[in-house]
Amino acid sequence: MIRGIGGVFLYADNAQALVEWYTQHLGIKFDYEPTERSYYRDFVLPLDPAYGRQEREVFAIRQAASPRSEPSWRPVINLRVQDLAVLLAHLRSAGIEVERAENYDYGRFAWLKDAEGNQLELFEPV
């Protein structure tokens, strides 16, 4: 069901300063996506012959919409899935609430929380 980690998304009070810290201390260079107020770095993975394409994992730092004391600062774990519809049916049958699901031209997403309240984002690429 789960194929791997699609990305890790951190929310920061000062995203630019946190990006500078990661760049200075860990050597990670980021690109910027202004529409999401998000700095990101794609890590290209080796070709997956079972899936028939090369994938990427993303590490992103986003500007938090509110102070980090709010729940919106929590990290989001993005998990790549093979068949989102099947997985969502499985989760719902187990009584797990799926907060929302959305389709985009590049893939399908769904969001839910784990047993400790951590945000999970499920992603099935096109």
# chains A, B, ... in the order shown; residues from 1 in each chain; ligands from 1

$ select_by_dssp --residues "chain A" --states "strand (DSSP E or B)" --output "number ranges by chain"
A: 2-12, 31-33, 38-44, 48, 53, 56-63, 76-81, 98-104, 107-113, 119-125

$ residues_around --residues "A:Val44" --least-positions-apart "6" --cutoff "9 Å" --atoms "only C-alpha atoms" --output "PyMOL selection string"
chain A and resi 54-58

$ residues_around --residues "A:Leu84" --least-positions-apart "4" --cutoff "8 Å" --atoms "only C-alpha atoms" --output "list in words"
Leu88, Arg108, Phe109, Leu122, Phe123 and Glu124 of chain A

$ residues_around --residues "stretch 101-107 of chain A" --least-positions-apart "4" --cutoff "12 Å" --atoms "only C-alpha atoms" --output "VMD selection string"
chain A and resid 80 to 85 88 97 111 to 112 120 to 126

$ closest_residue --among "A:Ala65, A:Leu79, A:Val86, A:Leu91" --to "A:Gln119" --atoms "only C-alpha atoms"
A:Leu79
